[in-house]
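> Data: data-v6.tsv, TSV, C-alpha atoms.
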chain	number	residue	atom	x	y	z
W	1	MET	CA	135.97	104.62	14.26
W	2	HIS	CA	136.20	102.68	17.50
W	3	VAL	CA	139.04	103.16	19.97
W	4	GLU	CA	141.98	100.83	19.36
W	5	TYR	CA	142.59	99.71	22.94
W	6	ILE	CA	145.12	96.98	22.17
W	7	LYS	CA	147.32	99.45	20.32
W	8	ARG	CA	146.82	102.11	23.01
W	9	ILE	CA	147.69	99.76	25.88
W	10	SER	CA	150.63	98.24	24.02
W	11	ASN	CA	152.05	101.73	23.40
W	12	LEU	CA	151.56	102.65	27.05
W	13	TYR	CA	153.39	99.52	28.22
W	14	ALA	CA	156.24	100.21	25.82
W	15	ARG	CA	156.59	103.79	27.13
W	16	LEU	CA	156.56	102.55	30.74
W	17	GLU	CA	159.09	99.88	29.76
W	18	TYR	CA	156.82	97.07	30.94
W	19	SER	CA	157.08	93.73	29.23
W	20	PRO	CA	154.41	93.42	26.52
W	21	TYR	CA	151.07	91.99	27.62
W	22	THR	CA	149.98	88.85	25.78
W	23	TRP	CA	146.36	89.30	24.68
W	24	VAL	CA	144.11	86.30	24.69
W	25	ARG	CA	143.59	85.41	21.04
W	26	ASN	CA	141.06	82.71	20.15
W	27	GLU	CA	140.72	81.78	16.52
W	28	ASP	CA	138.64	78.64	16.96
W	29	THR	CA	134.83	78.53	16.81
W	30	PRO	CA	133.55	79.29	20.33
W	31	PRO	CA	131.28	76.79	22.14
W	32	TRP	CA	127.63	77.50	21.41
W	33	GLN	CA	124.51	76.89	23.46
W	34	PRO	CA	121.36	78.15	21.69
W	35	LEU	CA	118.72	79.60	23.99
W	36	LYS	CA	116.63	76.62	25.12
W	37	LYS	CA	113.39	78.53	25.72
W	38	PRO	CA	111.93	82.00	25.24
W	39	LEU	CA	113.50	84.76	27.37
W	40	ASN	CA	110.28	85.21	29.32
W	41	GLU	CA	110.68	81.64	30.60
W	42	CYS	CA	114.45	81.84	31.23
W	43	ARG	CA	116.25	82.32	34.49
W	44	VAL	CA	118.73	85.11	33.77
W	45	ALA	CA	121.86	86.15	35.70
W	46	VAL	CA	124.40	88.92	35.27
W	47	SER	CA	128.08	88.58	36.05
W	48	ALA	CA	130.28	91.67	36.10
W	49	SER	CA	134.00	92.35	36.44
W	50	GLY	CA	133.86	95.98	37.55
W	51	GLY	CA	134.84	95.28	41.16
W	52	ILE	CA	131.31	95.40	42.61
W	53	TYR	CA	130.71	94.26	46.18
W	54	LYS	CA	127.91	94.77	48.69
W	55	ALA	CA	128.49	96.72	51.91
W	56	GLY	CA	129.32	94.13	54.56
W	57	GLN	CA	131.30	91.96	52.14
W	58	LEU	CA	135.06	91.88	51.78
W	59	ALA	CA	136.31	94.36	49.15
W	60	PHE	CA	138.52	93.17	46.30
W	61	HIS	CA	142.25	93.72	46.31
W	62	TYR	CA	144.24	94.85	43.28
W	63	LYS	CA	146.74	92.04	42.83
W	64	ASP	CA	145.27	89.26	40.71
W	65	ASP	CA	142.26	88.79	43.00
W	66	ASP	CA	140.46	85.72	41.65
W	67	SER	CA	137.65	85.67	44.23
W	68	TYR	CA	134.01	86.53	43.58
W	69	ARG	CA	131.08	87.97	45.55
W	70	ALA	CA	127.46	86.80	45.48
W	71	ILE	CA	125.08	89.75	45.19
W	72	PRO	CA	121.44	88.91	46.02
W	73	LYS	CA	118.87	89.71	43.31
W	74	ASP	CA	116.87	92.13	45.44
W	75	VAL	CA	119.90	94.23	46.48
W	76	ASN	CA	119.34	97.96	46.88
W	77	ILE	CA	121.87	99.85	44.76
W	78	LYS	CA	122.57	102.11	47.73
W	79	ASP	CA	124.37	99.11	49.26
W	80	LEU	CA	126.60	98.46	46.24
W	81	ARG	CA	130.24	99.52	46.25
W	82	ILE	CA	132.83	99.68	43.48
W	83	THR	CA	136.56	99.14	43.71
W	84	HIS	CA	138.95	98.64	40.78
W	85	PHE	CA	142.49	99.65	39.90
W	86	ALA	CA	142.14	100.24	36.20
W	87	TYR	CA	139.15	102.36	35.18
W	88	ASP	CA	137.56	105.67	36.06
W	89	MET	CA	134.98	104.66	38.69
W	90	THR	CA	133.39	108.11	39.11
W	91	ASP	CA	130.15	107.40	37.25
W	92	ALA	CA	129.89	103.77	38.39
W	93	ARG	CA	130.12	104.90	42.03
W	94	HIS	CA	127.30	107.40	41.43
W	95	ASP	CA	125.22	104.76	39.68
W	96	PRO	CA	126.40	101.13	39.78
W	97	ASN	CA	123.99	100.30	36.94
W	98	CYS	CA	126.66	101.69	34.55
W	99	VAL	CA	128.67	98.49	35.08
W	100	PHE	CA	126.20	96.23	36.92
W	101	PRO	CA	122.69	96.60	35.45
W	102	ILE	CA	120.77	95.18	38.40
W	103	GLU	CA	117.90	97.71	38.30
W	104	PRO	CA	117.13	97.17	34.59
W	105	LEU	CA	117.08	93.40	35.29
W	106	GLN	CA	114.86	93.79	38.36
W	107	ARG	CA	112.47	95.81	36.18
W	108	MET	CA	112.60	93.19	33.40
W	109	GLU	CA	111.64	90.48	35.84
W	110	LYS	CA	108.74	92.55	37.17
W	111	GLU	CA	107.53	93.33	33.62
W	112	GLY	CA	107.88	89.71	32.52
W	113	PHE	CA	110.45	90.38	29.78
W	114	ILE	CA	112.63	87.74	31.45
W	115	GLY	CA	111.23	84.73	33.31
W	116	LYS	CA	113.19	85.17	36.52
W	117	LEU	CA	116.23	86.99	37.73
W	118	ALA	CA	118.63	84.44	39.29
W	119	PRO	CA	118.84	84.49	43.12
W	120	PHE	CA	122.47	85.67	43.05
W	121	GLN	CA	124.68	87.61	40.67
W	122	TYR	CA	128.41	86.84	40.80
W	123	THR	CA	130.84	89.72	40.60
W	124	PHE	CA	134.61	89.91	40.55
W	125	MET	CA	137.44	92.27	39.71
W	126	GLY	CA	138.83	92.04	36.22
W	127	GLY	CA	142.35	92.90	35.24
W	128	ILE	CA	143.55	89.51	36.42
W	129	TYR	CA	146.84	89.14	34.57
W	130	SER	CA	146.92	85.39	34.91
W	131	SER	CA	144.46	83.89	32.44
W	132	ARG	CA	145.29	80.53	34.03
W	133	LYS	CA	143.78	81.74	37.34
W	134	VAL	CA	140.60	82.74	35.52
W	135	ARG	CA	140.43	79.53	33.53
W	136	GLU	CA	141.20	77.15	36.40
W	137	ASN	CA	139.80	78.93	39.49
W	138	LEU	CA	137.41	81.80	38.92
W	139	ALA	CA	135.46	80.63	35.85
W	140	PRO	CA	134.76	77.08	37.12
W	141	ALA	CA	133.77	78.43	40.58
W	142	ILE	CA	131.25	80.89	39.13
W	143	ILE	CA	129.87	78.39	36.62
W	144	ASP	CA	129.38	75.81	39.36
W	145	LYS	CA	127.26	78.36	41.25
W	146	LEU	CA	125.27	79.28	38.12
W	147	LEU	CA	124.48	75.62	37.47
W	148	LYS	CA	123.28	75.18	41.06
W	149	ASP	CA	121.17	78.33	40.64
W	150	LYS	CA	119.70	76.77	37.45
W	151	VAL	CA	120.61	79.72	35.26
W	152	ASP	CA	119.59	79.48	31.57
W	153	ALA	CA	121.11	82.70	30.26
W	154	LEU	CA	124.02	84.81	31.44
W	155	LEU	CA	124.78	88.46	30.68
W	156	LEU	CA	128.49	89.24	31.09
W	157	VAL	CA	129.55	92.80	31.79
W	158	PRO	CA	133.26	93.67	31.68
W	159	VAL	CA	134.64	97.19	32.12
F	1	MET	CA	134.81	87.54	30.22
F	2	GLY	CA	135.21	85.59	27.02
F	3	LEU	CA	136.76	82.78	29.01
F	4	ILE	CA	133.80	82.53	31.38
F	5	ALA	CA	131.37	82.76	28.45
F	6	ARG	CA	133.11	79.90	26.66
F	7	GLN	CA	133.07	77.65	29.73
F	8	ALA	CA	129.42	78.51	30.46
F	9	GLU	CA	128.25	77.68	26.92
F	10	ALA	CA	130.11	74.38	27.11
F	11	VAL	CA	127.93	73.31	30.07
F	12	GLY	CA	124.63	74.50	28.59
F	13	ILE	CA	124.27	78.15	29.66
F	14	SER	CA	123.63	80.66	26.85
F	15	THR	CA	125.72	83.82	27.20
F	16	VAL	CA	126.02	87.29	25.82
F	17	CYS	CA	129.05	89.50	26.54
F	18	MET	CA	128.82	93.28	26.62
F	19	SER	CA	131.82	95.09	25.19
F	20	SER	CA	133.17	98.64	25.05
F	21	ALA	CA	136.41	97.54	23.40
F	22	LEU	CA	135.73	96.08	19.99
F	23	ASP	CA	139.31	95.05	19.20
F	24	ILE	CA	139.76	93.19	22.51
F	25	THR	CA	136.41	91.40	22.05
F	26	GLN	CA	137.34	90.39	18.50
F	27	SER	CA	140.59	88.94	19.83
F	28	VAL	CA	138.93	87.00	22.67
F	29	ASN	CA	136.15	85.85	20.31
F	30	PRO	CA	133.33	85.06	22.78
F	31	PRO	CA	130.26	83.10	21.63
F	32	ARG	CA	127.98	86.19	21.44
F	33	ALA	CA	128.95	89.81	22.00
F	34	VAL	CA	127.23	93.18	21.90
F	35	PHE	CA	129.35	96.25	21.29
F	36	LEU	CA	128.45	99.60	22.82
F	37	ASP	CA	130.78	102.42	21.73
F	38	PHE	CA	130.96	104.20	25.10
F	39	PRO	CA	133.98	105.15	27.26
F	40	LEU	CA	135.24	102.41	29.61
F	41	GLY	CA	133.32	102.31	32.88
F	42	HIS	CA	129.93	102.65	31.12
F	43	THR	CA	129.49	99.13	29.75
F	44	THR	CA	125.70	99.16	30.24
F	45	GLY	CA	125.01	102.89	29.93
F	46	LYS	CA	125.29	106.36	31.38
F	47	ALA	CA	124.84	107.16	35.07
F	48	ASN	CA	121.30	108.09	36.16
F	49	GLU	CA	119.74	107.30	32.78
F	50	PRO	CA	117.59	104.28	33.68
F	51	ASP	CA	115.71	104.18	30.36
F	52	LEU	CA	118.96	104.13	28.37
F	53	GLN	CA	120.37	101.40	30.65
F	54	TYR	CA	117.19	99.37	30.26
F	55	SER	CA	117.25	99.74	26.49
F	56	ILE	CA	120.92	98.64	26.26
F	57	VAL	CA	120.35	95.57	28.45
F	58	HIS	CA	117.18	94.78	26.50
F	59	ASP	CA	119.10	94.86	23.19
F	60	ALA	CA	121.85	92.68	24.66
F	61	LEU	CA	119.40	90.03	25.91
F	62	MET	CA	117.52	90.06	22.59
F	63	ALA	CA	120.82	89.07	20.96
F	64	LEU	CA	120.62	85.74	22.82
F	65	GLY	CA	117.83	84.62	20.51
F	66	GLU	CA	118.73	86.65	17.41
F	67	MET	CA	122.32	85.56	16.90
F	68	LYS	CA	122.66	82.41	14.89
F	69	SER	CA	126.40	81.87	14.53
F	70	PRO	CA	129.18	81.51	17.14
F	71	GLY	CA	131.55	84.47	17.38
F	72	SER	CA	129.04	87.10	16.20
F	73	ILE	CA	129.21	90.70	17.43
F	74	LYS	CA	126.11	92.91	17.37
F	75	ILE	CA	126.85	96.65	17.15
F	76	LEU	CA	124.44	98.82	19.17
F	77	PRO	CA	123.35	102.16	17.66
F	78	TYR	CA	123.76	104.38	20.77
F	79	ARG	CA	126.18	107.30	20.74
F	80	TRP	CA	127.95	108.70	23.79
F	81	SER	CA	127.86	112.27	22.41
F	82	GLU	CA	127.36	114.18	19.18
F	83	ASP	CA	131.07	114.47	18.60
F	84	GLU	CA	133.64	111.76	19.20
F	85	SER	CA	136.23	113.81	21.06
F	86	TRP	CA	136.00	111.48	24.11
F	87	LYS	CA	137.87	108.89	22.07
F	88	ASN	CA	141.00	111.04	22.02
F	89	THR	CA	141.13	112.05	25.64
F	90	HIS	CA	142.63	109.51	27.98
F	91	SER	CA	144.95	109.76	30.89
F	92	GLU	CA	148.50	108.56	30.59
F	93	ASP	CA	148.35	105.89	33.26
F	94	ALA	CA	145.62	106.30	35.84
F	95	ARG	CA	145.83	102.79	37.18
F	96	LEU	CA	146.13	102.35	40.91
F	97	PRO	CA	148.98	100.35	42.48
F	98	ARG	CA	148.61	96.58	42.66
F	99	THR	CA	148.27	95.55	46.29
F	100	SER	CA	146.97	92.52	48.17
F	101	GLU	CA	145.16	94.70	50.75
F	102	PRO	CA	141.37	94.84	50.26
F	103	GLN	CA	140.39	98.22	48.79
F	104	PHE	CA	137.17	99.24	50.50
F	105	GLN	CA	135.30	102.16	48.91
F	106	PHE	CA	134.41	103.51	52.36
F	107	GLU	CA	136.06	103.02	55.72
F	108	GLU	CA	132.59	102.09	57.10
F	109	ASP	CA	132.60	99.08	54.74
F	110	ARG	CA	135.73	97.76	56.40
F	111	ILE	CA	134.17	98.13	59.84
F	112	LEU	CA	130.96	96.47	58.67
F	113	TYR	CA	132.91	93.58	57.16
F	114	LYS	CA	134.95	93.06	60.33
F	115	ALA	CA	131.80	93.12	62.46
F	116	SER	CA	130.23	90.44	60.24
F	117	LYS	CA	133.22	88.16	60.88
F	118	LYS	CA	132.93	88.25	64.67
Could I get this file's structure written as structure tokens?


Amino acid sequence: MHVEYIKRISNLYARLEYSPYTWVRNEDTPPWQPLKKPLNECRVAVSASGGIYKAGQLAFHYKDDDSYRAIPKDVNIKDLRITHFAYDMTDARHDPNCVFPIEPLQRMEKEGFIGKLAPFQYTFMGGIYSSRKVRENLAPAIIDKLLKDKVDALLLVPV
Amino acid sequence: MGLIARQAEAVGISTVCMSSALDITQSVNPPRAVFLDFPLGHTTGKANEPDLQYSIVHDALMALGEMKSPGSIKILPYRWSEDESWKNTHSEDARLPRTSEPQFQFEEDRILYKASKK
């Protein structure tokens, strides 16, 4: 049996006397773009919401931060940092690949399993309460970058 | 994540969303999702297990071509541990306070950032 997070979080909010969180609920058929070419010809990117930034960049803050960071494809994981208000970061700080699988993707590019790894990976900090901010600011900004980077396929990694 | 996936597909980018929370993913209903039944904070695997991480990402990317209908969720076969006791242990409320101050992991990062702005 999988963990029932919606029930768990709703109960927690009730105990803390917070107002109930409204979960995004989509009942329509999602948009659908079939893969246009084989994976070994695709340009692949990863986008992750675990609060990943590179040393030298501005860290995220914890109050509905809707900014993103561009992480170069050849980044060394020793230069990756993690900051987030809502999950246990212990393992991710030891090994960022737990929430940002850059090394597996670097290896896949080298082995030819994917055509190319995109020049930049866009990261942000999830737990943005305002879905409007994500819909109107963050998502269009990241997608604009991905289009300019000519990305064919995108792996999304929440926490 | 579902929101970004939906907007990306609409402009011609194929997406696959990882998930560690099946009920939340079902509610958001992204175009393609891959469920890994691991504790939060391990969306693409365990720390320092590069072969496991590779295998999980491999399975997720394979789903891009395998899945044929919008809103599908592929369940991955990996198990966090023999028993499932991790599913019952969770802290009451471990979340950190919401603040508009940047939260650098290391003080050196703040110094490095400031230096880059000069």

> Near segment 93-103 of chain F, counting all atoms listed in the file, which residues have an atom at most 12 Å away, once you skip same-chain residues fewer than 2 positions from it, shown as JSON, numbers by chain?

{"W": [8, 9, 11, 12, 13, 15, 16, 51, 52, 53, 57, 58, 59, 60, 61, 62, 63, 64, 65, 66, 67, 81, 82, 83, 84, 85, 86, 87, 88, 89, 125, 127, 128, 129], "F": [90, 91, 105, 106, 107, 109, 110, 113]}

> How many Å lie between atom CA of Ala33 of chain F and atom CA of Asp28 of chain W, rounded to one decimal?

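Going from atom CA of Ala33 of chain F over to atom CA of Asp28 of chain W, I get 15.6 Å.
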
> Compute the set of chain F residues within 6 Å of chain W, using all atoms listed in the file, and express it as a PyMOL selection string.

chain F and resi 4+6+9-10+12-18+27-29+31+40-47+54+70+95-96+98-104+109+112-113

> With all atoms listed in the file as the atoms that count, which of F:Ser20, F:Lys117, F:Asn48, F:Ile111 lies nearest to Tyr78 of chain F?

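The shortest atom-to-atom distance to Tyr78 of chain F comes from F:Ser20.
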
> One number please: atom CA of Gly65 of chain F to atom CA of Val34 of chain F, in Å, one decimal.

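About the pair atom CA of Gly65 of chain F and atom CA of Val34 of chain F: they are 12.8 Å apart.
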
> Using only C-alpha atoms, find the one residue out of W:Asn137, W:Ala70, W:Asn40, W:Thr22 that sits nearest to Glu111 of chain W.

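Under the stated criterion, the closest residue is W:Asn40.
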
> One decimal, in Å: what's the spacing between atom CA of Thr89 of chain F and atom CA of Phe38 of chain F?

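Going from atom CA of Thr89 of chain F over to atom CA of Phe38 of chain F covers 12.9 Å.
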
> Here's a test: counting all atoms listed in the file, identify every protein, DNA and RNA residue with an atom at most 6 Å from (128.8, 97.8, 20.3) in the file's coordinate frame, and state them as a list in words.

Val34, Phe35, Leu36, Asp37, Ile75 and Leu76 of chain F
